[in-house]
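Here's the structure, in structure tokens; my notes come after.
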Amino acid sequence: MNVISSTADAKRPGAARIGIGGPVGSGKTALIEALIPVFKARGIEIAVVTNDLVTKEDARRLQAGGLIDPDRVLAVEAGACPHTVIREDPTLNIAAADDLEAAFPDLDLVVIESGGDNLASTFSLDLVDWWMFVIDVAQGDDIPRKRGPGILQSDLLVINKLDLAPHVFVDADAILAEARQIRGTAQVIGCRCKGATVEGIETIADTIAREVLFHEIPA
Ligand SMILES: Nc1nc2c(ncn2[C@@H]2O[C@H](COP(=O)(O)OP(=O)(O)OP(=O)(O)O)[C@@H](O)[C@H]2O)c(=O)[nH]1
Ligand SMILES: [Mg+2]
């Protein structure tokens with residue numbers, strides 16, 4: 001019997017909870033920063049829980065960034081391997097999401113960013129309803145075929161930093177095609193979160209709206 005899950009279930013329907021995992025520096029926080037204005041424009045109310053090893057760095061960055069009410073951002077300090085607090089014992093993250101939902105009853109979405117971890121990180125479904133895994137082209141074009149639970153089991157695989165592909169000798173179309181072939185029917189979206197032109201962010205927001213919030217988005 002899982003007391004945490006029954007507590008969480010008893011609270012539903014509340015805000016949907018989604019996870020963002022992926023290796024260190026792949027652009028998880030940058031993706032949240034890019035998604036916030038898109039969600040805001042669509043009237044989707046969000047809050048964020050960040051996870052860092054022994055700091056609150058990502059939470060401070062979001063709170064100082066001016067994109068979101070700083071009170072809508074909470075930090076969890078994992079203090080151990082990042083996946084322990086999103087999978088083995090997600091109590092701290094569940095408590096943080098519960099606190100945000102209690103403080104902001106109008107929330108549609110709580111976004112939980114994992115600390116950067118390896119290709120094996122996954123989220124407990126006691127914590128999130130849906131999760132995505134973010135890698136980037138500069139980590140090597142072989143990352144999708146190295147597989148791992150993050151690549152294979154996530155609801156959405158995001159391949160970020162498409163702008164860097166030519167600079168790191170990666171064929172962006174090829175890495176996307178290989179990732180799609182490895183994941184079968186599960187989704188893969190390429191994106192760019194930083195710079196003058198962003199790419200793929202609306203498509204990621206559409207996917208979350210459709211799959212998590214059940215909004216009708218034209219195909
Ligand atoms: N060129 C380029 N740089 C990016 C892009 N997205 C993120 N970055 C850069 O990549 C670096 C890491 O981005 P973060 O958003 O901090 O990555 P993260 O996955 O949240 O990192 P951790 O939380 O530390 O694991 C930063 O220097 C970003 O500016 C992108 O699409 N293109
Ligand atoms: Mg981050």
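Residues are named by chain letter and number: chains run A, B, ... in the order of the structure tokens, numbers start at 1 in each chain, and ligands are numbered from 1 in the order shown.
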
Would you kindly return, as a short mmCIF file (atom, residue, chain, number, x, y, z; two decimals) with N, CA, C and O atoms, in the first residue's frame, each protein, DNA or RNA residue with an atom no farther than 7 Å from any atom of segment 90-102 of chain A, considering only C-alpha atoms and excluding same-chain residues fewer than 2 positions away?
```
data_model
loop_
_atom_site.label_atom_id
_atom_site.label_comp_id
_atom_site.auth_asym_id
_atom_site.auth_seq_id
_atom_site.Cartn_x
_atom_site.Cartn_y
_atom_site.Cartn_z
N ALA A 15 -4.39 20.41 -10.04
CA ALA A 15 -3.52 20.71 -11.18
C ALA A 15 -2.87 19.42 -11.67
O ALA A 15 -2.58 18.52 -10.88
N ALA A 47 2.82 26.54 -12.05
CA ALA A 47 3.78 26.73 -10.97
C ALA A 47 4.90 25.73 -11.22
O ALA A 47 4.73 24.78 -11.99
N VAL A 49 8.29 23.42 -9.59
CA VAL A 49 9.15 22.88 -8.53
C VAL A 49 10.48 22.54 -9.20
O VAL A 49 10.51 21.81 -10.19
N ARG A 72 5.36 31.31 -7.05
CA ARG A 72 4.90 30.10 -7.75
C ARG A 72 6.06 29.15 -8.07
O ARG A 72 5.90 28.21 -8.85
N LEU A 74 9.01 26.75 -6.20
CA LEU A 74 9.57 26.17 -4.98
C LEU A 74 10.75 25.29 -5.35
O LEU A 74 10.77 24.68 -6.42
N VAL A 76 13.37 22.09 -4.33
CA VAL A 76 13.71 20.92 -3.53
C VAL A 76 15.22 20.71 -3.67
O VAL A 76 15.75 20.74 -4.78
N VAL A 85 14.76 11.49 -5.50
CA VAL A 85 13.62 12.31 -5.05
C VAL A 85 12.54 12.49 -6.12
O VAL A 85 11.53 13.15 -5.87
N ILE A 86 12.77 11.95 -7.31
CA ILE A 86 11.67 11.97 -8.29
C ILE A 86 11.12 10.56 -8.52
O ILE A 86 10.09 10.38 -9.13
N ARG A 87 11.84 9.55 -8.02
CA ARG A 87 11.38 8.18 -8.27
C ARG A 87 11.30 7.35 -6.99
O ARG A 87 10.22 6.93 -6.58
N GLU A 88 12.44 7.13 -6.31
CA GLU A 88 12.42 6.20 -5.17
C GLU A 88 11.57 6.71 -4.01
O GLU A 88 10.75 5.98 -3.47
N PHE A 104 -2.17 28.24 -4.55
CA PHE A 104 -2.71 28.77 -5.81
C PHE A 104 -3.77 27.79 -6.35
O PHE A 104 -3.48 26.97 -7.22
N PRO A 105 -4.98 27.87 -5.84
CA PRO A 105 -6.01 26.88 -6.21
C PRO A 105 -6.40 26.91 -7.68
O PRO A 105 -7.02 25.99 -8.17
N LEU A 107 -4.37 26.77 -10.17
CA LEU A 107 -3.32 26.18 -11.02
C LEU A 107 -3.87 25.11 -11.95
O LEU A 107 -4.69 24.28 -11.56
N VAL A 110 1.48 21.89 -12.57
CA VAL A 110 2.71 22.03 -11.78
C VAL A 110 3.81 21.31 -12.54
O VAL A 110 3.71 20.12 -12.84
N LEU A 127 4.22 10.78 -8.44
CA LEU A 127 4.55 12.21 -8.43
C LEU A 127 3.95 12.94 -9.62
O LEU A 127 3.43 14.04 -9.47
#
```

**Study point:** Within-7 Å residues of ligand 2, basis only C-alpha atoms and all ligand atoms, as a PyMOL selection string
**Key:** chain A and resi 25+27-29+58+113+115-116

Practice item. From a DSSP pass on the backbone, collect the residues of chain A flagged as helix (DSSP H, G or I) and hand them back as a PyMOL selection string. Key: chain A and resi 3-11+28-41+57-64+70-72+82-85+91-103+137-139+144-146+149-153+162-168+172-183+201-211

**Study point:** 8 Å shell around ligand 1 using only C-alpha atoms and all ligand atoms, listed as an MDAnalysis selection string
**Key:** chainID A and resid 21:31 51:52 58 113:117 134 160:164 191:195 198

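Remark: for Gly14 of chain A, the closest of the candidate residues A:Glu45, A:Glu211, A:Glu199, A:Glu33 is A:Glu45 (distances computed over only C-alpha atoms).
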
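Between Ala103 of chain A and the residues A:Ile143, A:Val188, A:Ala41, A:Val73, the shortest atom-to-atom distance, using only C-alpha atoms, involves A:Val73.
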
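Straight-line separation from atom CA of Asp141 of chain A to atom CA of Ile175 of chain A: 5.8 Å.
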
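Closest approach to Arg61 of chain A among A:Ile189, A:Ala80, A:Val158, A:Ile32: A:Ile32, based on only C-alpha atoms.
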